[in-house]
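Participant: Below you'll find my_file06.pdb; it's PDB, C-alpha atoms.
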```
MODEL        1
ATOM      1  CA  MET A   1       6.067 -16.418 -14.516
ATOM      2  CA  ASN A   2       3.156 -14.431 -13.166
ATOM      3  CA  ASN A   3       2.844 -15.860  -9.724
ATOM      4  CA  ASP A   4       4.164 -13.856  -6.773
ATOM      5  CA  HIS A   5       4.035 -16.983  -4.606
ATOM      6  CA  GLU A   6       6.458 -18.787  -6.897
ATOM      7  CA  LEU A   7       8.856 -15.884  -6.778
ATOM      8  CA  ASP A   8       8.480 -15.747  -2.996
ATOM      9  CA  SER A   9       9.188 -19.455  -2.765
ATOM     10  CA  LEU A  10      12.268 -19.185  -5.036
ATOM     11  CA  ILE A  11      13.720 -16.306  -3.019
ATOM     12  CA  LYS A  12      13.059 -18.122   0.265
ATOM     13  CA  THR A  13      14.677 -21.298  -1.076
ATOM     14  CA  MET A  14      17.706 -19.296  -2.124
ATOM     15  CA  ALA A  15      17.930 -17.702   1.325
ATOM     16  CA  ALA A  16      17.510 -21.064   3.056
ATOM     17  CA  GLY A  17      20.423 -22.426   1.034
ATOM     18  CA  HIS A  18      22.767 -19.855   2.536
ATOM     19  CA  ARG A  19      24.574 -21.674   5.342
ATOM     20  CA  PRO A  20      27.650 -19.628   6.265
ATOM     21  CA  GLU A  21      30.096 -20.212   9.090
ATOM     22  CA  LEU A  22      29.277 -17.374  11.419
ATOM     23  CA  PRO A  23      31.257 -16.017  14.374
ATOM     24  CA  SER A  24      29.928 -17.169  17.729
ATOM     25  CA  PRO A  25      27.484 -14.809  19.469
ATOM     26  CA  GLY A  26      29.703 -14.999  22.566
ATOM     27  CA  LEU A  27      32.590 -13.467  20.628
ATOM     28  CA  ILE A  28      30.444 -10.559  19.417
ATOM     29  CA  TRP A  29      29.050 -10.042  22.923
ATOM     30  CA  TRP A  30      32.588  -9.991  24.327
ATOM     31  CA  ARG A  31      33.774  -7.507  21.661
ATOM     32  CA  ALA A  32      30.800  -5.258  22.417
ATOM     33  CA  GLN A  33      31.604  -5.318  26.131
ATOM     34  CA  VAL A  34      35.257  -4.448  25.491
ATOM     35  CA  LEU A  35      34.267  -1.553  23.221
ATOM     36  CA  ARG A  36      31.681  -0.355  25.724
ATOM     37  CA  LYS A  37      34.271  -0.319  28.529
ATOM     38  CA  GLN A  38      36.738   1.482  26.279
ATOM     39  CA  ALA A  39      34.136   4.134  25.420
ATOM     40  CA  GLU A  40      33.261   4.484  29.119
ATOM     41  CA  LYS A  41      36.954   4.925  30.001
ATOM     42  CA  GLU A  42      37.369   7.560  27.290
ATOM     43  CA  ARG A  43      34.277   9.380  28.556
ATOM     44  CA  ILE A  44      35.597   9.406  32.129
ATOM     45  CA  GLU A  45      39.065  10.514  31.090
ATOM     46  CA  ARG A  46      37.887  13.219  28.690
ATOM     47  CA  PRO A  47      38.020  16.090  31.285
ATOM     48  CA  LEU A  48      41.497  14.979  32.318
ATOM     49  CA  THR A  49      42.693  14.965  28.699
ATOM     50  CA  ILE A  50      41.236  18.428  28.126
ATOM     51  CA  MET A  51      42.854  19.730  31.313
ATOM     52  CA  ARG A  52      46.201  18.252  30.267
ATOM     53  CA  ARG A  53      46.014  20.048  26.923
ATOM     54  CA  VAL A  54      44.984  23.307  28.571
ATOM     55  CA  ALA A  55      47.883  22.993  31.047
ATOM     56  CA  LEU A  56      50.360  22.388  28.233
ATOM     57  CA  GLY A  57      49.089  25.360  26.242
ATOM     58  CA  PHE A  58      49.136  27.553  29.334
ATOM     59  CA  SER A  59      52.727  26.498  30.160
ATOM     60  CA  VAL A  60      53.917  27.294  26.639
ATOM     61  CA  ILE A  61      52.241  30.738  26.740
ATOM     62  CA  LEU A  62      53.674  31.409  30.206
ATOM     63  CA  LEU A  63      57.159  30.406  29.107
ATOM     64  CA  ALA A  64      56.974  32.573  25.984
ATOM     65  CA  GLY A  65      55.641  35.512  28.035
ATOM     66  CA  LEU A  66      58.378  35.127  30.623
ATOM     67  CA  TRP A  67      61.047  34.919  27.938
ATOM     68  CA  MET A  68      59.745  38.031  26.196
ATOM     69  CA  SER A  69      59.365  40.058  29.396
ATOM     70  CA  GLN A  70      62.743  39.062  30.740
ATOM     71  CA  THR A  71      64.745  39.428  27.518
ATOM     72  CA  ASP A  72      66.446  42.598  28.752
ATOM     73  CA  ALA A  73      67.333  41.055  32.105
ATOM     74  CA  ILE A  74      68.786  37.975  30.386
ATOM     75  CA  ARG A  75      70.843  40.161  28.045
ATOM     76  CA  ALA A  76      72.108  42.175  30.993
ATOM     77  CA  MET A  77      73.043  39.049  32.869
ATOM     78  CA  PHE A  78      74.922  37.367  30.043
ATOM     79  CA  GLY A  79      75.778  40.361  27.917
ATOM     80  CA  ASN A  80      77.173  39.247  24.616
ATOM     81  CA  ALA A  81      77.981  35.881  26.082
ATOM     82  CA  LEU A  82      74.422  34.594  25.392
ATOM     83  CA  LEU A  83      75.556  32.626  22.367
ATOM     84  CA  PRO A  84      77.619  30.066  24.346
ATOM     85  CA  VAL A  85      74.670  29.219  26.650
ATOM     86  CA  LEU A  86      72.163  28.961  23.792
ATOM     87  CA  PRO A  87      72.854  25.244  23.173
ATOM     88  CA  LEU A  88      72.308  24.656  26.873
ATOM     89  CA  LEU A  89      68.954  26.426  26.740
ATOM     90  CA  LEU A  90      67.962  24.510  23.618
ATOM     91  CA  ALA A  91      68.951  21.235  25.275
ATOM     92  CA  ALA A  92      66.775  22.150  28.269
ATOM     93  CA  VAL A  93      63.819  22.829  25.965
ATOM     94  CA  VAL A  94      64.317  19.511  24.115
ATOM     95  CA  ILE A  95      64.635  17.546  27.374
ATOM     96  CA  GLY A  96      61.516  19.268  28.688
ATOM     97  CA  ALA A  97      59.595  18.409  25.507
ATOM     98  CA  VAL A  98      60.738  14.774  25.665
ATOM     99  CA  PHE A  99      59.706  14.594  29.311
ATOM    100  CA  ILE A 100      56.247  16.003  28.572
ATOM    101  CA  GLY A 101      55.903  13.644  25.591
ATOM    102  CA  LEU A 102      56.830  10.645  27.743
ATOM    103  CA  MET A 103      54.311  11.672  30.386
ATOM    104  CA  TRP A 104      51.652  12.029  27.709
ATOM    105  CA  TRP A 105      52.442   8.655  26.175
ATOM    106  CA  THR A 106      52.453   6.877  29.547
ATOM    107  CA  ALA A 107      49.096   8.439  30.423
ATOM    108  CA  SER A 108      47.524   7.420  27.117
ATOM    109  CA  GLU A 109      48.875   3.854  27.368
ATOM    110  CA  ALA A 110      47.470   3.343  30.868
TER     111      ALA A 110
ATOM    112  CA  MET B   1      10.303  -1.950  25.528
ATOM    113  CA  LEU B   2      10.969   0.963  23.209
ATOM    114  CA  THR B   3       9.952   1.386  19.604
ATOM    115  CA  ALA B   4      12.687   1.523  16.974
ATOM    116  CA  MET B   5      12.222   5.260  16.505
ATOM    117  CA  GLN B   6      12.537   5.997  20.251
ATOM    118  CA  ALA B   7      15.596   3.788  20.543
ATOM    119  CA  TRP B   8      17.246   5.416  17.520
ATOM    120  CA  GLN B   9      16.531   8.873  18.893
ATOM    121  CA  MET B  10      18.102   7.879  22.203
ATOM    122  CA  ALA B  11      21.071   6.343  20.420
ATOM    123  CA  ILE B  12      21.578   9.518  18.388
ATOM    124  CA  ALA B  13      21.304  11.633  21.548
ATOM    125  CA  GLY B  14      23.964   9.437  23.167
ATOM    126  CA  ALA B  15      21.659   8.265  25.911
ATOM    127  CA  GLN B  16      22.686   5.408  28.160
ATOM    128  CA  THR B  17      21.051   2.036  27.720
ATOM    129  CA  VAL B  18      17.957   2.104  29.900
ATOM    130  CA  GLU B  19      17.082  -1.532  29.467
ATOM    131  CA  PRO B  20      20.212  -3.458  28.542
ATOM    132  CA  THR B  21      19.975  -6.612  26.501
ATOM    133  CA  THR B  22      21.178  -9.637  28.443
ATOM    134  CA  GLN B  23      23.717 -11.999  26.930
ATOM    135  CA  ALA B  24      21.169 -14.816  26.706
ATOM    136  CA  GLU B  25      18.669 -12.537  24.936
ATOM    137  CA  PHE B  26      21.346 -11.377  22.537
ATOM    138  CA  GLU B  27      22.530 -14.889  21.747
ATOM    139  CA  ALA B  28      18.984 -16.060  21.041
ATOM    140  CA  PHE B  29      18.344 -13.041  18.799
ATOM    141  CA  TYR B  30      21.671 -13.557  17.038
ATOM    142  CA  LEU B  31      20.930 -17.196  16.308
ATOM    143  CA  ARG B  32      17.545 -16.226  14.876
ATOM    144  CA  THR B  33      18.812 -13.442  12.637
ATOM    145  CA  ALA B  34      22.529 -13.794  11.829
ATOM    146  CA  ARG B  35      22.199 -16.296   8.985
ATOM    147  CA  THR B  36      19.733 -14.226   6.988
ATOM    148  CA  LEU B  37      21.551 -10.962   7.759
ATOM    149  CA  HIS B  38      24.741 -12.549   6.452
ATOM    150  CA  GLY B  39      22.838 -13.718   3.363
ATOM    151  CA  TYR B  40      21.429 -10.228   2.841
ATOM    152  CA  LEU B  41      24.902  -8.686   3.110
ATOM    153  CA  CYS B  42      26.428 -11.307   0.832
ATOM    154  CA  ARG B  43      23.755 -10.752  -1.819
ATOM    155  CA  LEU B  44      24.223  -6.989  -1.609
ATOM    156  CA  SER B  45      27.983  -6.807  -1.406
ATOM    157  CA  THR B  46      29.022 -10.031  -3.149
ATOM    158  CA  ASP B  47      31.959 -10.006  -0.733
ATOM    159  CA  PRO B  48      31.681 -12.574   2.109
ATOM    160  CA  ALA B  49      34.594 -11.063   4.057
ATOM    161  CA  ALA B  50      32.997  -7.608   4.034
ATOM    162  CA  ALA B  51      29.666  -9.202   4.896
ATOM    163  CA  GLU B  52      31.090 -10.835   8.025
ATOM    164  CA  GLU B  53      32.845  -7.666   9.119
ATOM    165  CA  ILE B  54      29.688  -5.590   8.710
ATOM    166  CA  LEU B  55      27.603  -8.268  10.397
ATOM    167  CA  GLN B  56      29.755  -8.106  13.533
ATOM    168  CA  GLU B  57      29.794  -4.311  13.546
ATOM    169  CA  SER B  58      26.005  -4.172  13.154
ATOM    170  CA  TYR B  59      25.396  -6.430  16.159
ATOM    171  CA  ILE B  60      27.898  -4.475  18.251
ATOM    172  CA  ARG B  61      26.111  -1.217  17.410
ATOM    173  CA  MET B  62      22.774  -2.811  18.176
ATOM    174  CA  LEU B  63      24.064  -3.746  21.626
ATOM    175  CA  HIS B  64      24.880  -0.091  22.314
ATOM    176  CA  VAL B  65      21.290   1.104  21.923
ATOM    177  CA  PRO B  66      18.392   0.487  24.290
ATOM    178  CA  ALA B  67      16.545  -2.794  23.965
ATOM    179  CA  MET B  68      13.625  -2.784  21.524
ATOM    180  CA  GLU B  69      10.898  -5.168  20.586
ATOM    181  CA  GLU B  70      11.957  -7.952  18.200
ATOM    182  CA  THR B  71      10.689  -6.507  14.883
ATOM    183  CA  ALA B  72      12.029  -3.026  15.621
ATOM    184  CA  ARG B  73      15.371  -4.491  16.624
ATOM    185  CA  LYS B  74      15.527  -6.491  13.419
ATOM    186  CA  ALA B  75      14.708  -3.392  11.343
ATOM    187  CA  TYR B  76      17.359  -1.437  13.271
ATOM    188  CA  LEU B  77      19.894  -4.189  12.613
ATOM    189  CA  PHE B  78      19.231  -4.264   8.879
ATOM    190  CA  LYS B  79      19.266  -0.480   8.665
ATOM    191  CA  THR B  80      22.615  -0.342  10.464
ATOM    192  CA  ALA B  81      24.035  -3.057   8.230
ATOM    193  CA  THR B  82      22.785  -1.320   5.081
ATOM    194  CA  ASN B  83      24.255   2.006   6.203
ATOM    195  CA  LEU B  84      27.575   0.401   7.081
ATOM    196  CA  LEU B  85      27.700  -1.247   3.698
ATOM    197  CA  ARG B  86      26.841   2.051   1.996
ATOM    198  CA  ASP B  87      29.552   3.839   4.015
ATOM    199  CA  ARG B  88      32.009   1.188   2.997
ATOM    200  CA  TRP B  89      31.174   1.728  -0.638
ATOM    201  CA  ARG B  90      31.319   5.462  -0.191
ATOM    202  CA  ARG B  91      34.793   5.024   1.189
ATOM    203  CA  LEU B  92      35.703   2.965  -1.834
ATOM    204  CA  LYS B  93      34.030   5.589  -4.029
ATOM    205  CA  ARG B  94      31.795   2.977  -5.490
ATOM    206  CA  GLU B  95      28.468   4.064  -4.074
ATOM    207  CA  LYS B  96      27.188   5.271  -7.396
ATOM    208  CA  LYS B  97      28.017   1.954  -8.947
ATOM    209  CA  TRP B  98      26.206   0.172  -6.123
ATOM    210  CA  TRP B  99      22.875   1.972  -6.179
ATOM    211  CA  GLU B 100      22.756   2.512  -9.890
ATOM    212  CA  LEU B 101      24.255  -0.773 -10.831
ATOM    213  CA  THR B 102      23.174  -1.683 -14.336
ATOM    214  CA  PRO B 103      21.776  -5.183 -14.346
ATOM    215  CA  VAL B 104      24.054  -7.640 -16.032
ATOM    216  CA  THR B 105      21.354  -9.630 -17.782
ATOM    217  CA  ASP B 106      23.088 -10.839 -20.918
ATOM    218  CA  HIS B 107      24.476 -14.028 -19.459
ATOM    219  CA  VAL B 108      21.074 -14.833 -17.944
ATOM    220  CA  HIS B 109      19.348 -14.466 -21.290
ATOM    221  CA  GLN B 110      21.925 -16.504 -23.144
ATOM    222  CA  ASN B 111      22.460 -19.402 -20.794
ATOM    223  CA  VAL B 112      19.339 -21.502 -20.309
ATOM    224  CA  SER B 113      21.191 -23.899 -18.021
ATOM    225  CA  LEU B 114      21.222 -21.147 -15.417
ATOM    226  CA  ALA B 115      17.466 -20.810 -15.648
ATOM    227  CA  MET B 116      16.786 -22.217 -12.214
ATOM    228  CA  ASP B 117      19.665 -20.475 -10.545
ATOM    229  CA  MET B 118      17.869 -17.883  -8.502
ATOM    230  CA  GLU B 119      21.169 -16.480  -7.257
ATOM    231  CA  THR B 120      22.172 -15.604 -10.798
ATOM    232  CA  ILE B 121      18.833 -13.931 -11.388
ATOM    233  CA  PHE B 122      19.194 -12.077  -8.098
ATOM    234  CA  ASP B 123      22.666 -10.879  -8.992
ATOM    235  CA  ALA B 124      21.280  -9.446 -12.225
ATOM    236  CA  LEU B 125      19.138  -7.023 -10.223
ATOM    237  CA  SER B 126      20.417  -3.723  -8.890
ATOM    238  CA  ALA B 127      21.569  -3.655  -5.249
ATOM    239  CA  GLN B 128      18.512  -1.683  -4.217
ATOM    240  CA  GLU B 129      16.185  -4.179  -5.893
ATOM    241  CA  ARG B 130      18.010  -7.065  -4.220
ATOM    242  CA  ALA B 131      17.677  -5.335  -0.860
ATOM    243  CA  LEU B 132      13.969  -4.686  -1.432
ATOM    244  CA  LEU B 133      13.207  -8.264  -2.435
ATOM    245  CA  TRP B 134      15.251  -9.743   0.394
ATOM    246  CA  LEU B 135      13.648  -7.548   3.037
ATOM    247  CA  ALA B 136      10.146  -8.120   1.678
ATOM    248  CA  HIS B 137      10.360 -11.871   1.030
ATOM    249  CA  VAL B 138      13.005 -13.309   3.349
ATOM    250  CA  GLU B 139      12.702 -10.973   6.323
ATOM    251  CA  GLU B 140       9.023 -10.299   5.637
ATOM    252  CA  LEU B 141       9.322  -6.719   6.859
ATOM    253  CA  SER B 142       6.428  -4.322   6.376
ATOM    254  CA  HIS B 143       6.644  -1.491   3.843
ATOM    255  CA  ARG B 144       7.135   0.932   6.709
ATOM    256  CA  GLU B 145      10.053  -1.081   8.092
ATOM    257  CA  ILE B 146      11.616  -1.488   4.656
ATOM    258  CA  GLY B 147      11.322   2.266   4.218
ATOM    259  CA  MET B 148      13.131   2.782   7.519
ATOM    260  CA  VAL B 149      15.877   0.337   6.588
ATOM    261  CA  LEU B 150      16.520   1.777   3.135
ATOM    262  CA  ASN B 151      15.772   5.416   3.924
ATOM    263  CA  VAL B 152      12.888   5.489   1.466
ATOM    264  CA  LYS B 153       9.357   6.839   1.965
ATOM    265  CA  GLU B 154       6.836   4.195   2.942
ATOM    266  CA  GLN B 155       4.572   5.084  -0.014
ATOM    267  CA  SER B 156       7.436   4.600  -2.463
ATOM    268  CA  VAL B 157       8.376   1.185  -1.083
ATOM    269  CA  LYS B 158       5.199  -0.480  -2.357
ATOM    270  CA  VAL B 159       5.879   0.670  -5.914
ATOM    271  CA  MET B 160       9.582  -0.154  -5.715
ATOM    272  CA  VAL B 161       8.925  -3.674  -4.407
ATOM    273  CA  PHE B 162       6.333  -4.220  -7.154
ATOM    274  CA  ARG B 163       8.789  -3.107  -9.834
ATOM    275  CA  ALA B 164      11.580  -5.252  -8.388
ATOM    276  CA  ARG B 165       9.247  -8.284  -8.359
ATOM    277  CA  GLU B 166       8.198  -7.672 -11.936
ATOM    278  CA  LYS B 167      11.795  -7.338 -13.013
ATOM    279  CA  ALA B 168      12.795 -10.542 -11.220
ATOM    280  CA  LYS B 169       9.863 -12.390 -12.790
ATOM    281  CA  ALA B 170      10.782 -11.077 -16.231
ATOM    282  CA  LEU B 171      14.375 -12.216 -15.755
ATOM    283  CA  LEU B 172      13.206 -15.642 -14.635
ATOM    284  CA  GLU B 173      10.963 -15.909 -17.640
ATOM    285  CA  ALA B 174      13.723 -14.769 -19.975
ATOM    286  CA  ALA B 175      15.970 -17.426 -18.458
ATOM    287  CA  GLY B 176      13.434 -20.101 -19.288
ATOM    288  CA  PHE B 177      11.657 -20.560 -15.973
ATOM    289  CA  ARG B 178       7.962 -21.125 -16.452
ATOM    290  CA  GLY B 179       6.979 -22.424 -13.031
ATOM    291  CA  PRO B 180       5.124 -25.606 -12.166
ATOM    292  CA  HIS B 181       1.664 -24.193 -12.966
ATOM    293  CA  GLU B 182       2.336 -22.994 -16.494
TER     294      GLU B 182
ENDMDL
END
```
Before we go any further, please render this structure as structure tokens.
Facilitator:
Amino acid sequence: MNNDHELDSLIKTMAAGHRPELPSPGLIWWRAQVLRKQAEKERIERPLTIMRRVALGFSVILLAGLWMSQTDAIRAMFGNALLPVLPLLLAAVVIGAVFIGLMWWTASEA
Amino acid sequence: MLTAMQAWQMAIAGAQTVEPTTQAEFEAFYLRTARTLHGYLCRLSTDPAAAEEILQESYIRMLHVPAMEETARKAYLFKTATNLLRDRWRRLKREKKWWELTPVTDHVHQNVSLAMDMETIFDALSAQERALLWLAHVEELSHREIGMVLNVKEQSVKVMVFRAREKAKALLEAAGFRGPHE
């Protein structure tokens, strides 16, 4: 076996014998269009997503700052009776978190 | 039309498609190339399901880069497919096995009834040798294009293709094939 042409012919015959069932070009075109639109949507919404994250971070910092600066005032208002209202405060925080989470989820689903 | 290199640079830079491929153009190109690309992927991966998945992904990626001339587009397609296949293997932590696959030649030597089975001979080559032979003989790409597809220097491709041919011929001979002229 010294002939390159024979090898070439054998490889080409092997390749010609490969007759698979391929997906239709229309399906691939459609998938590409869907992915392109999805990428476009993500690109457009990227500033909004960033702003949403910044707003959330800012709110958390603001809340923590307010809590820390107003600790004395809160103590003065409730005195030693802070413990009974603690569950109420915790419930408010949980409800707030759930609300923010729901908003986030709805926005990402849309 | 852009050259492959320009289109790849634009794709890497995230540029928008300047000259989009129309659906009719794509379908015609797909019908011309899909069968051999699938064959190439099947020969390299020996996994038809993975081959089909990578085939679809390669065409989708090709549609997201600016239109190129036919040969450049074909080279881009094969390069993308090869890279996707390599990434897949890397994920499966089998890349080393793929590129440095030791040829399984024993059964070829021992079984003369398989002498004419080119697929068996092909499978006895390493994945890189299979890729080289397929791209050179079936796709008839130039050494430069093969180099681009396989990430190998153009000068090295000539030597690598020669060695792969010699190895394939030796395997064929060892399996009893003498050819019609001998």
Participant: Could you please tell me, as a PyMOL selection string, which residues of chain A have an atom within 6 Å of chain B when using only C-alpha atoms?
Facilitator: chain A and resi 1+8+12+25+32
Participant: Can you tell me, as a ChimeraX atom specification, which residues sit within 12 Å of (51.9, 21.5, 29.9) in the file's frame, using only C-alpha atoms?
Facilitator: /A:49-63,96-101,103-104
Participant: Would you put the residues from that selection into a file with C-alpha atoms, as a PDB file, in the coordinates of the input?
Facilitator:
```
ATOM      1  CA  THR A  49      42.693  14.965  28.699  1.00  0.00           C
ATOM      2  CA  ILE A  50      41.236  18.428  28.126  1.00  0.00           C
ATOM      3  CA  MET A  51      42.854  19.730  31.313  1.00  0.00           C
ATOM      4  CA  ARG A  52      46.201  18.252  30.267  1.00  0.00           C
ATOM      5  CA  ARG A  53      46.014  20.048  26.923  1.00  0.00           C
ATOM      6  CA  VAL A  54      44.984  23.307  28.571  1.00  0.00           C
ATOM      7  CA  ALA A  55      47.883  22.993  31.047  1.00  0.00           C
ATOM      8  CA  LEU A  56      50.360  22.388  28.233  1.00  0.00           C
ATOM      9  CA  GLY A  57      49.089  25.360  26.242  1.00  0.00           C
ATOM     10  CA  PHE A  58      49.136  27.553  29.334  1.00  0.00           C
ATOM     11  CA  SER A  59      52.727  26.498  30.160  1.00  0.00           C
ATOM     12  CA  VAL A  60      53.917  27.294  26.639  1.00  0.00           C
ATOM     13  CA  ILE A  61      52.241  30.738  26.740  1.00  0.00           C
ATOM     14  CA  LEU A  62      53.674  31.409  30.206  1.00  0.00           C
ATOM     15  CA  LEU A  63      57.159  30.406  29.107  1.00  0.00           C
ATOM     16  CA  GLY A  96      61.516  19.268  28.688  1.00  0.00           C
ATOM     17  CA  ALA A  97      59.595  18.409  25.507  1.00  0.00           C
ATOM     18  CA  VAL A  98      60.738  14.774  25.665  1.00  0.00           C
ATOM     19  CA  PHE A  99      59.706  14.594  29.311  1.00  0.00           C
ATOM     20  CA  ILE A 100      56.247  16.003  28.572  1.00  0.00           C
ATOM     21  CA  GLY A 101      55.903  13.644  25.591  1.00  0.00           C
ATOM     22  CA  MET A 103      54.311  11.672  30.386  1.00  0.00           C
ATOM     23  CA  TRP A 104      51.652  12.029  27.709  1.00  0.00           C
TER      24      TRP A 104
END
```
Participant: As a check of understanding, name the residues that the PyMOL selection byres ((chain B and resi 152-158) around 12) selects in the supplied structure, as a ChimeraX atom specification.
Facilitator: /B:79,128-129,131-133,135-136,141-151,159-165
Participant: Could you put an axis-aligned box around every listed atom of range 45-64 of chain A, padded by 6 Å on each side, and send me its centre and edge lengths in Å to one decimal, as AutoDock Vina command-line options?
Facilitator:
```
--center_x 47.5 --center_y 21.5 --center_z 29.2 --size_x 31.3 --size_y 34.1 --size_z 18.3
```
Participant: Out of B:Ala51, B:Val65, B:Leu85, B:Leu125, which residue has the shortest atom-to-atom distance to Leu22 in chain A when counting only C-alpha atoms?
Facilitator: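 Residue with the minimum atom-to-atom distance to Leu22 in chain A: B:Ala51.
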Participant: Rounded to one decimal, what separation in Å do you get between CA of Gln38 in chain A and CA of Asn83 in chain B?
Facilitator: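 CA of Gln38 in chain A sits 23.6 Å away from CA of Asn83 in chain B.
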